[in-house]
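File shown: query_1.txt. Contents: compact mmCIF, N, CA and C atoms.
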# COMPACT_ATOMS: atom_id res chain seq x y z
N MET E 593 -19.48 42.02 -39.43
CA MET E 593 -18.43 41.83 -38.46
C MET E 593 -17.55 43.07 -38.37
N LYS E 594 -17.23 43.69 -39.53
CA LYS E 594 -16.41 44.88 -39.53
C LYS E 594 -17.11 46.02 -38.81
N LYS E 595 -18.43 46.08 -38.94
CA LYS E 595 -19.21 47.13 -38.31
C LYS E 595 -19.14 47.00 -36.78
N ILE E 596 -19.27 45.79 -36.28
CA ILE E 596 -19.21 45.55 -34.84
C ILE E 596 -17.81 45.89 -34.31
N THR E 597 -16.78 45.47 -35.03
CA THR E 597 -15.41 45.77 -34.63
C THR E 597 -15.18 47.27 -34.59
N PHE E 598 -15.69 47.99 -35.60
CA PHE E 598 -15.53 49.43 -35.66
C PHE E 598 -16.26 50.10 -34.49
N ILE E 599 -17.45 49.65 -34.17
CA ILE E 599 -18.22 50.22 -33.05
C ILE E 599 -17.49 49.98 -31.74
N LEU E 600 -16.98 48.78 -31.53
CA LEU E 600 -16.23 48.48 -30.30
C LEU E 600 -14.96 49.33 -30.22
N PHE E 601 -14.30 49.52 -31.34
CA PHE E 601 -13.12 50.37 -31.38
C PHE E 601 -13.47 51.81 -30.99
N CYS E 602 -14.55 52.33 -31.55
CA CYS E 602 -14.98 53.71 -31.24
C CYS E 602 -15.31 53.86 -29.75
N ILE E 603 -15.98 52.87 -29.19
CA ILE E 603 -16.32 52.92 -27.76
C ILE E 603 -15.05 52.91 -26.92
N SER E 604 -14.09 52.06 -27.26
CA SER E 604 -12.85 52.00 -26.47
C SER E 604 -12.06 53.30 -26.58
N VAL E 605 -12.03 53.91 -27.76
CA VAL E 605 -11.34 55.19 -27.93
C VAL E 605 -12.03 56.26 -27.09
N PHE E 606 -13.36 56.29 -27.11
CA PHE E 606 -14.11 57.27 -26.32
C PHE E 606 -13.77 57.15 -24.84
N PHE E 607 -13.78 55.94 -24.31
CA PHE E 607 -13.49 55.75 -22.90
C PHE E 607 -12.04 56.06 -22.56
N SER E 608 -11.11 55.69 -23.42
CA SER E 608 -9.71 55.98 -23.12
C SER E 608 -9.43 57.48 -23.15
N VAL E 609 -10.04 58.19 -24.08
CA VAL E 609 -9.86 59.64 -24.15
C VAL E 609 -10.50 60.31 -22.95
N SER E 610 -11.69 59.90 -22.57
CA SER E 610 -12.36 60.54 -21.44
C SER E 610 -11.61 60.27 -20.14
N CYS E 611 -11.05 59.08 -19.96
CA CYS E 611 -10.29 58.77 -18.76
C CYS E 611 -9.01 59.58 -18.70
N THR E 612 -8.33 59.71 -19.84
CA THR E 612 -7.09 60.47 -19.89
C THR E 612 -7.35 61.92 -19.52
N THR E 613 -8.38 62.50 -20.07
CA THR E 613 -8.70 63.89 -19.79
C THR E 613 -9.03 64.07 -18.31
N THR E 614 -9.80 63.17 -17.74
CA THR E 614 -10.17 63.28 -16.34
C THR E 614 -8.95 63.24 -15.44
N THR E 615 -8.03 62.31 -15.67
CA THR E 615 -6.82 62.21 -14.86
C THR E 615 -5.97 63.46 -15.02
N THR E 616 -5.80 63.93 -16.23
CA THR E 616 -5.01 65.14 -16.47
C THR E 616 -5.66 66.34 -15.80
N ASP E 617 -6.97 66.48 -15.95
CA ASP E 617 -7.68 67.59 -15.33
C ASP E 617 -7.51 67.56 -13.81
N ARG E 618 -7.64 66.37 -13.22
CA ARG E 618 -7.48 66.24 -11.77
C ARG E 618 -6.06 66.59 -11.35
N SER E 619 -5.06 66.21 -12.15
CA SER E 619 -3.67 66.53 -11.84
C SER E 619 -3.47 68.04 -11.78
N TYR E 620 -4.01 68.75 -12.76
CA TYR E 620 -3.91 70.21 -12.77
C TYR E 620 -4.69 70.84 -11.62
N GLU E 621 -5.91 70.35 -11.37
CA GLU E 621 -6.74 70.91 -10.29
C GLU E 621 -6.07 70.78 -8.93
N LEU E 622 -5.52 69.59 -8.65
CA LEU E 622 -4.86 69.37 -7.37
C LEU E 622 -3.62 70.25 -7.25
N GLY E 623 -2.86 70.39 -8.33
CA GLY E 623 -1.68 71.25 -8.31
C GLY E 623 -2.04 72.71 -8.09
N LYS E 624 -3.08 73.17 -8.77
CA LYS E 624 -3.52 74.56 -8.62
C LYS E 624 -3.99 74.83 -7.20
N ALA E 625 -4.64 73.83 -6.59
CA ALA E 625 -5.15 73.99 -5.22
C ALA E 625 -4.05 73.78 -4.17
N GLY E 626 -2.86 73.35 -4.60
CA GLY E 626 -1.77 73.12 -3.66
C GLY E 626 -1.93 71.85 -2.83
N LYS E 627 -2.71 70.90 -3.33
CA LYS E 627 -2.94 69.63 -2.62
C LYS E 627 -1.98 68.58 -3.16
N PHE E 628 -0.75 68.64 -2.70
CA PHE E 628 0.31 67.79 -3.23
C PHE E 628 0.47 66.47 -2.49
N ASP E 629 -0.26 66.27 -1.41
CA ASP E 629 -0.10 65.06 -0.62
C ASP E 629 -1.04 63.95 -1.07
N THR E 630 -0.47 62.76 -1.26
CA THR E 630 -1.22 61.57 -1.63
C THR E 630 -0.90 60.50 -0.60
N ILE E 631 -1.92 59.81 -0.12
CA ILE E 631 -1.73 58.74 0.86
C ILE E 631 -2.19 57.43 0.23
N LEU E 632 -1.31 56.45 0.26
CA LEU E 632 -1.63 55.11 -0.24
C LEU E 632 -1.70 54.17 0.96
N ASN E 633 -2.78 53.43 1.06
CA ASN E 633 -2.97 52.51 2.19
C ASN E 633 -2.82 51.06 1.75
N PHE E 634 -2.04 50.33 2.49
CA PHE E 634 -1.82 48.90 2.26
C PHE E 634 -1.80 48.23 3.63
N VAL E 635 -1.81 46.93 3.63
CA VAL E 635 -1.62 46.17 4.86
C VAL E 635 -0.23 45.56 4.76
N ALA E 636 0.75 46.27 5.32
CA ALA E 636 2.14 45.82 5.25
C ALA E 636 2.98 46.61 6.24
N SER E 637 4.12 46.07 6.56
CA SER E 637 5.03 46.76 7.47
C SER E 637 5.68 47.95 6.77
N LYS E 638 6.20 48.84 7.56
CA LYS E 638 6.89 50.02 7.04
C LYS E 638 8.04 49.61 6.12
N GLU E 639 8.83 48.63 6.54
CA GLU E 639 9.98 48.19 5.75
C GLU E 639 9.54 47.51 4.44
N ASP E 640 8.48 46.69 4.49
CA ASP E 640 7.99 46.05 3.27
C ASP E 640 7.49 47.10 2.27
N LEU E 641 6.82 48.13 2.78
CA LEU E 641 6.33 49.21 1.90
C LEU E 641 7.50 49.97 1.28
N ARG E 642 8.50 50.24 2.08
CA ARG E 642 9.68 50.96 1.61
C ARG E 642 10.39 50.15 0.51
N GLN E 643 10.60 48.87 0.75
CA GLN E 643 11.26 48.02 -0.24
C GLN E 643 10.43 47.90 -1.53
N ALA E 644 9.12 47.77 -1.40
CA ALA E 644 8.25 47.68 -2.57
C ALA E 644 8.29 48.98 -3.38
N MET E 645 8.33 50.12 -2.70
CA MET E 645 8.39 51.41 -3.40
C MET E 645 9.74 51.59 -4.07
N ILE E 646 10.82 51.20 -3.43
CA ILE E 646 12.14 51.29 -4.06
C ILE E 646 12.16 50.45 -5.34
N THR E 647 11.60 49.26 -5.27
CA THR E 647 11.52 48.41 -6.46
C THR E 647 10.69 49.09 -7.55
N ALA E 648 9.53 49.65 -7.17
CA ALA E 648 8.66 50.32 -8.14
C ALA E 648 9.38 51.49 -8.81
N LEU E 649 10.06 52.30 -8.03
CA LEU E 649 10.78 53.44 -8.58
C LEU E 649 11.89 52.99 -9.53
N THR E 650 12.56 51.91 -9.18
CA THR E 650 13.63 51.38 -10.02
C THR E 650 13.07 50.81 -11.33
N VAL E 651 12.00 50.02 -11.22
CA VAL E 651 11.37 49.43 -12.41
C VAL E 651 10.87 50.52 -13.37
N LYS E 652 10.30 51.58 -12.82
CA LYS E 652 9.75 52.66 -13.65
C LYS E 652 10.78 53.72 -14.01
N LYS E 653 12.07 53.44 -13.67
CA LYS E 653 13.20 54.28 -14.08
C LYS E 653 13.20 55.68 -13.48
N TRP E 654 12.76 55.80 -12.24
CA TRP E 654 12.85 57.06 -11.50
C TRP E 654 14.28 57.18 -10.96
N ASN E 655 14.76 58.40 -10.82
CA ASN E 655 16.00 58.67 -10.10
C ASN E 655 15.62 58.77 -8.64
N LEU E 656 16.35 58.07 -7.78
CA LEU E 656 15.98 58.13 -6.38
C LEU E 656 17.17 58.38 -5.49
N LYS E 657 16.88 59.04 -4.38
CA LYS E 657 17.88 59.35 -3.38
C LYS E 657 17.27 59.04 -2.02
N ARG E 658 17.94 58.20 -1.27
CA ARG E 658 17.44 57.84 0.05
C ARG E 658 17.87 58.89 1.05
N GLU E 659 16.93 59.34 1.86
CA GLU E 659 17.20 60.32 2.91
C GLU E 659 16.68 59.75 4.23
N GLY E 660 17.51 58.96 4.89
CA GLY E 660 17.07 58.26 6.09
C GLY E 660 16.01 57.25 5.70
N ASP E 661 14.86 57.32 6.34
CA ASP E 661 13.75 56.43 6.00
C ASP E 661 12.94 56.93 4.81
N ALA E 662 13.16 58.18 4.41
CA ALA E 662 12.40 58.78 3.31
C ALA E 662 13.15 58.60 1.99
N ILE E 663 12.43 58.85 0.90
CA ILE E 663 13.00 58.77 -0.44
C ILE E 663 12.60 60.01 -1.23
N ARG E 664 13.56 60.60 -1.91
CA ARG E 664 13.28 61.65 -2.90
C ARG E 664 13.42 61.00 -4.27
N ALA E 665 12.43 61.20 -5.11
CA ALA E 665 12.45 60.60 -6.43
C ALA E 665 12.11 61.66 -7.48
N SER E 666 12.72 61.51 -8.65
CA SER E 666 12.43 62.45 -9.73
C SER E 666 12.45 61.71 -11.07
N ILE E 667 11.66 62.25 -11.98
CA ILE E 667 11.62 61.72 -13.35
C ILE E 667 11.13 62.82 -14.28
N ASP E 668 11.66 62.82 -15.47
CA ASP E 668 11.15 63.69 -16.54
C ASP E 668 10.67 62.75 -17.63
N HIS E 669 9.34 62.72 -17.83
CA HIS E 669 8.76 61.73 -18.73
C HIS E 669 7.54 62.33 -19.43
N GLY E 670 7.56 62.32 -20.73
CA GLY E 670 6.40 62.76 -21.52
C GLY E 670 5.98 64.19 -21.23
N GLY E 671 6.94 65.08 -20.99
CA GLY E 671 6.61 66.47 -20.70
C GLY E 671 6.29 66.73 -19.24
N VAL E 672 6.25 65.68 -18.44
CA VAL E 672 5.96 65.82 -17.00
C VAL E 672 7.27 65.77 -16.24
N SER E 673 7.44 66.74 -15.36
CA SER E 673 8.58 66.74 -14.46
C SER E 673 8.03 66.31 -13.09
N GLY E 674 8.27 65.04 -12.73
CA GLY E 674 7.74 64.49 -11.48
C GLY E 674 8.76 64.58 -10.37
N ARG E 675 8.35 65.12 -9.23
CA ARG E 675 9.21 65.24 -8.05
C ARG E 675 8.42 64.72 -6.86
N LEU E 676 8.92 63.67 -6.22
CA LEU E 676 8.20 63.06 -5.10
C LEU E 676 9.09 63.00 -3.86
N TYR E 677 8.48 63.25 -2.71
CA TYR E 677 9.11 63.02 -1.42
C TYR E 677 8.23 61.98 -0.73
N ILE E 678 8.80 60.81 -0.47
CA ILE E 678 8.01 59.67 -0.01
C ILE E 678 8.45 59.26 1.39
N THR E 679 7.47 59.15 2.29
CA THR E 679 7.74 58.65 3.64
C THR E 679 6.83 57.45 3.90
N PHE E 680 7.17 56.69 4.92
CA PHE E 680 6.48 55.43 5.18
C PHE E 680 6.08 55.29 6.64
N ASP E 681 4.92 54.70 6.86
CA ASP E 681 4.44 54.28 8.16
C ASP E 681 3.89 52.87 7.96
N THR E 682 3.65 52.17 9.04
CA THR E 682 3.02 50.86 8.91
C THR E 682 1.69 51.05 8.20
N ASP E 683 1.44 50.31 7.14
CA ASP E 683 0.22 50.32 6.34
C ASP E 683 0.03 51.57 5.47
N THR E 684 0.99 52.50 5.44
CA THR E 684 0.78 53.76 4.72
C THR E 684 2.04 54.24 4.00
N ILE E 685 1.84 54.68 2.76
CA ILE E 685 2.88 55.38 2.01
C ILE E 685 2.38 56.81 1.82
N ASN E 686 3.18 57.79 2.25
CA ASN E 686 2.83 59.20 2.11
C ASN E 686 3.68 59.80 1.00
N ILE E 687 3.03 60.39 0.01
CA ILE E 687 3.74 60.97 -1.13
C ILE E 687 3.41 62.45 -1.23
N ASN E 688 4.46 63.27 -1.22
CA ASN E 688 4.29 64.70 -1.46
C ASN E 688 4.92 64.99 -2.82
N SER E 689 4.13 65.56 -3.72
CA SER E 689 4.59 65.79 -5.10
C SER E 689 4.83 67.26 -5.40
N LYS E 690 5.03 68.07 -4.35
CA LYS E 690 5.32 69.49 -4.58
C LYS E 690 6.60 69.61 -5.40
N GLY E 691 6.56 70.43 -6.41
CA GLY E 691 7.70 70.58 -7.32
C GLY E 691 7.46 69.89 -8.66
N SER E 692 6.42 69.06 -8.74
CA SER E 692 6.07 68.42 -10.01
C SER E 692 5.36 69.44 -10.90
N ASN E 693 5.63 69.37 -12.21
CA ASN E 693 4.99 70.34 -13.10
C ASN E 693 4.99 69.85 -14.54
N ILE E 694 4.17 70.52 -15.33
CA ILE E 694 4.17 70.39 -16.78
C ILE E 694 4.36 71.80 -17.31
N ASP E 695 5.45 72.03 -18.01
CA ASP E 695 5.77 73.35 -18.56
C ASP E 695 5.65 74.45 -17.50
N GLY E 696 6.12 74.17 -16.30
CA GLY E 696 6.11 75.17 -15.22
C GLY E 696 4.80 75.28 -14.46
N THR E 697 3.77 74.58 -14.89
CA THR E 697 2.48 74.60 -14.20
C THR E 697 2.45 73.48 -13.17
N PRO E 698 2.22 73.81 -11.89
CA PRO E 698 2.22 72.77 -10.85
C PRO E 698 1.13 71.73 -11.08
N ILE E 699 1.49 70.47 -10.85
CA ILE E 699 0.54 69.37 -10.97
C ILE E 699 0.82 68.34 -9.88
N VAL E 700 -0.12 67.44 -9.72
CA VAL E 700 0.10 66.21 -8.97
C VAL E 700 0.12 65.11 -10.04
N PRO E 701 1.27 64.44 -10.23
CA PRO E 701 1.39 63.48 -11.34
C PRO E 701 0.65 62.17 -11.04
N LEU E 702 -0.67 62.22 -11.10
CA LEU E 702 -1.50 61.07 -10.73
C LEU E 702 -1.19 59.82 -11.54
N ARG E 703 -1.00 59.98 -12.83
CA ARG E 703 -0.74 58.81 -13.68
C ARG E 703 0.58 58.14 -13.28
N LEU E 704 1.60 58.94 -13.01
CA LEU E 704 2.89 58.38 -12.60
C LEU E 704 2.78 57.70 -11.23
N ILE E 705 2.02 58.31 -10.33
CA ILE E 705 1.81 57.71 -9.00
C ILE E 705 1.02 56.41 -9.14
N ASP E 706 0.02 56.40 -10.01
CA ASP E 706 -0.76 55.17 -10.25
C ASP E 706 0.12 54.05 -10.79
N ASN E 707 1.04 54.39 -11.68
CA ASN E 707 1.96 53.39 -12.22
C ASN E 707 2.84 52.80 -11.11
N LEU E 708 3.33 53.65 -10.22
CA LEU E 708 4.13 53.17 -9.09
C LEU E 708 3.28 52.29 -8.17
N THR E 709 2.05 52.70 -7.93
CA THR E 709 1.15 51.95 -7.04
C THR E 709 0.93 50.53 -7.56
N GLY E 710 0.77 50.39 -8.86
CA GLY E 710 0.58 49.07 -9.45
C GLY E 710 1.76 48.14 -9.19
N VAL E 711 2.96 48.67 -9.30
CA VAL E 711 4.15 47.85 -9.04
C VAL E 711 4.26 47.52 -7.55
N VAL E 712 3.95 48.50 -6.70
CA VAL E 712 3.99 48.26 -5.25
C VAL E 712 3.03 47.12 -4.89
N LYS E 713 1.83 47.15 -5.44
CA LYS E 713 0.85 46.08 -5.16
C LYS E 713 1.40 44.71 -5.56
N LYS E 714 1.99 44.65 -6.75
CA LYS E 714 2.56 43.37 -7.21
C LYS E 714 3.67 42.89 -6.29
N GLN E 715 4.51 43.80 -5.85
CA GLN E 715 5.61 43.44 -4.96
C GLN E 715 5.09 42.92 -3.62
N LEU E 716 4.06 43.55 -3.10
CA LEU E 716 3.51 43.13 -1.81
C LEU E 716 2.81 41.78 -1.92
N LEU E 717 2.22 41.48 -3.07
CA LEU E 717 1.56 40.19 -3.27
C LEU E 717 2.57 39.04 -3.31
N LYS E 718 3.81 39.34 -3.68
CA LYS E 718 4.85 38.31 -3.73
C LYS E 718 5.30 37.88 -2.34
N LYS E 719 5.03 38.70 -1.35
CA LYS E 719 5.47 38.40 0.04
C LYS E 719 4.66 37.30 0.64

Show how you would write the structure in this file as structure tokens.
Amino acid sequence: MKKITFILFCISVFFSVSCTTTTTDRSYELGKAGKFDTILNFVASKEDLRQAMITALTVKKWNLKREGDAIRASIDHGGVSGRLYITFDTDTININSKGSNIDGTPIVPLRLIDNLTGVVKKQLLKK
């Protein structure tokens, strides 16, 4: 039984490490290429998306500033300096992450965006 548990543990560590590296590598690659725009698609009104994103940013402890219909958000977390400019259309959230970096190296903070996306999905399901 201990052998099976150890094997399962090793497999889970392997997959978690490989996923982490892939996300981090993609974050650096997108930043280096200057591809800072991320588009999230949902089936929801512009206002519902905006409210869900405000909730997500608040839950995840981002600093946010409303600029008309857009939102500027920032966070410093785990060595990542995340800077987002978020706009909304019906069924679409547009995120520009220019200004995000790790130790001065430009990145697209994919993991932080994924965390926000998860909360947005939950908020929209409550509607």

Selected residue of minimal separation from Val700 (chain E) among E:Glu659, E:Asp668, E:Asp629, E:Asp681, counting only C-alpha atoms: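 Among the listed residues, E:Asp629 lies closest to Val700 (chain E).
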
For Tyr677 (chain E), work out the shell of residues within 5 Å, counting all atoms listed in the file and skipping chain neighbours fewer than 5 positions away, then give it as an mmCIF file with N, CA and C atoms, in the frame of the given file.
data_model
loop_
_atom_site.group_PDB
_atom_site.id
_atom_site.type_symbol
_atom_site.label_atom_id
_atom_site.label_comp_id
_atom_site.auth_asym_id
_atom_site.auth_seq_id
_atom_site.Cartn_x
_atom_site.Cartn_y
_atom_site.Cartn_z
ATOM 1 N N ILE E 663 12.430 58.850 0.900
ATOM 2 C CA ILE E 663 13.000 58.770 -0.440
ATOM 3 C C ILE E 663 12.600 60.010 -1.230
ATOM 4 N N ARG E 664 13.560 60.600 -1.910
ATOM 5 C CA ARG E 664 13.280 61.650 -2.900
ATOM 6 C C ARG E 664 13.420 61.000 -4.270
ATOM 7 N N ILE E 687 3.030 60.390 0.010
ATOM 8 C CA ILE E 687 3.740 60.970 -1.130
ATOM 9 C C ILE E 687 3.410 62.450 -1.230
ATOM 10 N N ASN E 688 4.460 63.270 -1.220
ATOM 11 C CA ASN E 688 4.290 64.700 -1.460
ATOM 12 C C ASN E 688 4.920 64.990 -2.820
#

Spatial neighbours of Asp695 (chain E), max dist 7 Å, only N, CA and C atoms, sep filter under 3 positions, as a PyMOL selection string: chain E and resi 671-673+698

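Residue nearest Gly691 (chain E), chosen from E:Lys719, E:Ala644, E:Phe628, E:Trp654 and counting all atoms listed in the file: E:Phe628.
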
Interatomic distance, atom C of Gln643 (chain E) to atom N of Arg703 (chain E) (Å, one decimal): 20.1 Å

Of the listed residues E:Ala665, E:Ile694, E:Thr616, E:Ile678, that which approaches Leu649 (chain E) most closely, counting only C-alpha atoms: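 Under the stated criterion, the closest residue is E:Ala665.
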
Ref. answer, residues at most 12 Å from (2.1, 49.7, -10.8) with only C-alpha atoms, as an MDAnalysis selection string: chainID E and resid 644:645 647:652 702:716

Length of the CA of Pro701 (chain E) to CA of Ser689 (chain E) vector [Å]: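 Rounded to one decimal, the two atoms are 7.4 Å apart.
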
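For the atom pair formed by atom N of Ser637 (chain E) and atom C of Arg675 (chain E), the distance is 23.4 Å, given to one decimal.
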
Sel. of alpha helix (DSSP H) residues, chain E, as a ChimeraX atom specification: /E:594-625,638-651,702-718

Nearest residue to Phe680 (chain E) from the set E:Ile667, E:Arg658, E:Glu639, E:Tyr620 (distances using only N, CA and C atoms):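 Among E:Ile667, E:Arg658, E:Glu639, E:Tyr620, it is E:Glu639 that comes nearest to Phe680 (chain E).
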
Which of E:Thr615, E:Asn655, E:Thr630, E:Thr697 sits closest to Ile685 (chain E) [using only N, CA and C atoms]: E:Thr630

Could you write out, as an mmCIF file with N, CA and C atoms, in the frame of the given file, all the residues of region 623-718 of chain E that DSSP marks as strand (DSSP E or B)?
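part-v1.cif written:
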data_model
loop_
_atom_site.group_PDB
_atom_site.id
_atom_site.type_symbol
_atom_site.label_atom_id
_atom_site.label_comp_id
_atom_site.auth_asym_id
_atom_site.auth_seq_id
_atom_site.Cartn_x
_atom_site.Cartn_y
_atom_site.Cartn_z
ATOM 1 N N ASP E 629 -0.260 66.270 -1.410
ATOM 2 C CA ASP E 629 -0.100 65.060 -0.620
ATOM 3 C C ASP E 629 -1.040 63.950 -1.070
ATOM 4 N N THR E 630 -0.470 62.760 -1.260
ATOM 5 C CA THR E 630 -1.220 61.570 -1.630
ATOM 6 C C THR E 630 -0.900 60.500 -0.600
ATOM 7 N N ILE E 631 -1.920 59.810 -0.120
ATOM 8 C CA ILE E 631 -1.730 58.740 0.860
ATOM 9 C C ILE E 631 -2.190 57.430 0.230
ATOM 10 N N LEU E 632 -1.310 56.450 0.260
ATOM 11 C CA LEU E 632 -1.630 55.110 -0.240
ATOM 12 C C LEU E 632 -1.700 54.170 0.960
ATOM 13 N N ASN E 633 -2.780 53.430 1.060
ATOM 14 C CA ASN E 633 -2.970 52.510 2.190
ATOM 15 C C ASN E 633 -2.820 51.060 1.750
ATOM 16 N N ASN E 655 14.760 58.400 -10.820
ATOM 17 C CA ASN E 655 16.000 58.670 -10.100
ATOM 18 C C ASN E 655 15.620 58.770 -8.640
ATOM 19 N N LEU E 656 16.350 58.070 -7.780
ATOM 20 C CA LEU E 656 15.980 58.130 -6.380
ATOM 21 C C LEU E 656 17.170 58.380 -5.490
ATOM 22 N N LYS E 657 16.880 59.040 -4.380
ATOM 23 C CA LYS E 657 17.880 59.350 -3.380
ATOM 24 C C LYS E 657 17.270 59.040 -2.020
ATOM 25 N N ARG E 658 17.940 58.200 -1.270
ATOM 26 C CA ARG E 658 17.440 57.840 0.050
ATOM 27 C C ARG E 658 17.870 58.890 1.050
ATOM 28 N N GLU E 659 16.930 59.340 1.860
ATOM 29 C CA GLU E 659 17.200 60.320 2.910
ATOM 30 C C GLU E 659 16.680 59.750 4.230
ATOM 31 N N ALA E 662 13.160 58.180 4.410
ATOM 32 C CA ALA E 662 12.400 58.780 3.310
ATOM 33 C C ALA E 662 13.150 58.600 1.990
ATOM 34 N N ILE E 663 12.430 58.850 0.900
ATOM 35 C CA ILE E 663 13.000 58.770 -0.440
ATOM 36 C C ILE E 663 12.600 60.010 -1.230
ATOM 37 N N ARG E 664 13.560 60.600 -1.910
ATOM 38 C CA ARG E 664 13.280 61.650 -2.900
ATOM 39 C C ARG E 664 13.420 61.000 -4.270
ATOM 40 N N ALA E 665 12.430 61.200 -5.110
ATOM 41 C CA ALA E 665 12.450 60.600 -6.430
ATOM 42 C C ALA E 665 12.110 61.660 -7.480
ATOM 43 N N SER E 666 12.720 61.510 -8.650
ATOM 44 C CA SER E 666 12.430 62.450 -9.730
ATOM 45 C C SER E 666 12.450 61.710 -11.070
ATOM 46 N N ILE E 667 11.660 62.250 -11.980
ATOM 47 C CA ILE E 667 11.620 61.720 -13.350
ATOM 48 C C ILE E 667 11.130 62.820 -14.280
ATOM 49 N N ASP E 668 11.660 62.820 -15.470
ATOM 50 C CA ASP E 668 11.150 63.690 -16.540
ATOM 51 C C ASP E 668 10.670 62.750 -17.630
ATOM 52 N N HIS E 669 9.340 62.720 -17.830
ATOM 53 C CA HIS E 669 8.760 61.730 -18.730
ATOM 54 C C HIS E 669 7.540 62.330 -19.430
ATOM 55 N N VAL E 672 6.250 65.680 -18.440
ATOM 56 C CA VAL E 672 5.960 65.820 -17.000
ATOM 57 C C VAL E 672 7.270 65.770 -16.240
ATOM 58 N N SER E 673 7.440 66.740 -15.360
ATOM 59 C CA SER E 673 8.580 66.740 -14.460
ATOM 60 C C SER E 673 8.030 66.310 -13.090
ATOM 61 N N GLY E 674 8.270 65.040 -12.730
ATOM 62 C CA GLY E 674 7.740 64.490 -11.480
ATOM 63 C C GLY E 674 8.760 64.580 -10.370
ATOM 64 N N ARG E 675 8.350 65.120 -9.230
ATOM 65 C CA ARG E 675 9.210 65.240 -8.050
ATOM 66 C C ARG E 675 8.420 64.720 -6.860
ATOM 67 N N LEU E 676 8.920 63.670 -6.220
ATOM 68 C CA LEU E 676 8.200 63.060 -5.100
ATOM 69 C C LEU E 676 9.090 63.000 -3.860
ATOM 70 N N TYR E 677 8.480 63.250 -2.710
ATOM 71 C CA TYR E 677 9.110 63.020 -1.420
ATOM 72 C C TYR E 677 8.230 61.980 -0.730
ATOM 73 N N ILE E 678 8.800 60.810 -0.470
ATOM 74 C CA ILE E 678 8.010 59.670 -0.010
ATOM 75 C C ILE E 678 8.450 59.260 1.390
ATOM 76 N N THR E 679 7.470 59.150 2.290
ATOM 77 C CA THR E 679 7.740 58.650 3.640
ATOM 78 C C THR E 679 6.830 57.450 3.900
ATOM 79 N N PHE E 680 7.170 56.690 4.920
ATOM 80 C CA PHE E 680 6.480 55.430 5.180
ATOM 81 C C PHE E 680 6.080 55.290 6.640
ATOM 82 N N ASP E 681 4.920 54.700 6.860
ATOM 83 C CA ASP E 681 4.440 54.280 8.160
ATOM 84 C C ASP E 681 3.890 52.870 7.960
ATOM 85 N N THR E 684 0.990 52.500 5.440
ATOM 86 C CA THR E 684 0.780 53.760 4.720
ATOM 87 C C THR E 684 2.040 54.240 4.000
ATOM 88 N N ILE E 685 1.840 54.680 2.760
ATOM 89 C CA ILE E 685 2.880 55.380 2.010
ATOM 90 C C ILE E 685 2.380 56.810 1.820
ATOM 91 N N ASN E 686 3.180 57.790 2.250
ATOM 92 C CA ASN E 686 2.830 59.200 2.110
ATOM 93 C C ASN E 686 3.680 59.800 1.000
ATOM 94 N N ILE E 687 3.030 60.390 0.010
ATOM 95 C CA ILE E 687 3.740 60.970 -1.130
ATOM 96 C C ILE E 687 3.410 62.450 -1.230
ATOM 97 N N ASN E 688 4.460 63.270 -1.220
ATOM 98 C CA ASN E 688 4.290 64.700 -1.460
ATOM 99 C C ASN E 688 4.920 64.990 -2.820
ATOM 100 N N ASN E 693 5.630 69.370 -12.210
ATOM 101 C CA ASN E 693 4.990 70.340 -13.100
ATOM 102 C C ASN E 693 4.990 69.850 -14.540
ATOM 103 N N ILE E 694 4.170 70.520 -15.330
ATOM 104 C CA ILE E 694 4.170 70.390 -16.780
ATOM 105 C C ILE E 694 4.360 71.800 -17.310
ATOM 106 N N THR E 697 3.770 74.580 -14.890
ATOM 107 C CA THR E 697 2.480 74.600 -14.200
ATOM 108 C C THR E 697 2.450 73.480 -13.170
ATOM 109 N N PRO E 698 2.220 73.810 -11.890
ATOM 110 C CA PRO E 698 2.220 72.770 -10.850
ATOM 111 C C PRO E 698 1.130 71.730 -11.080
#
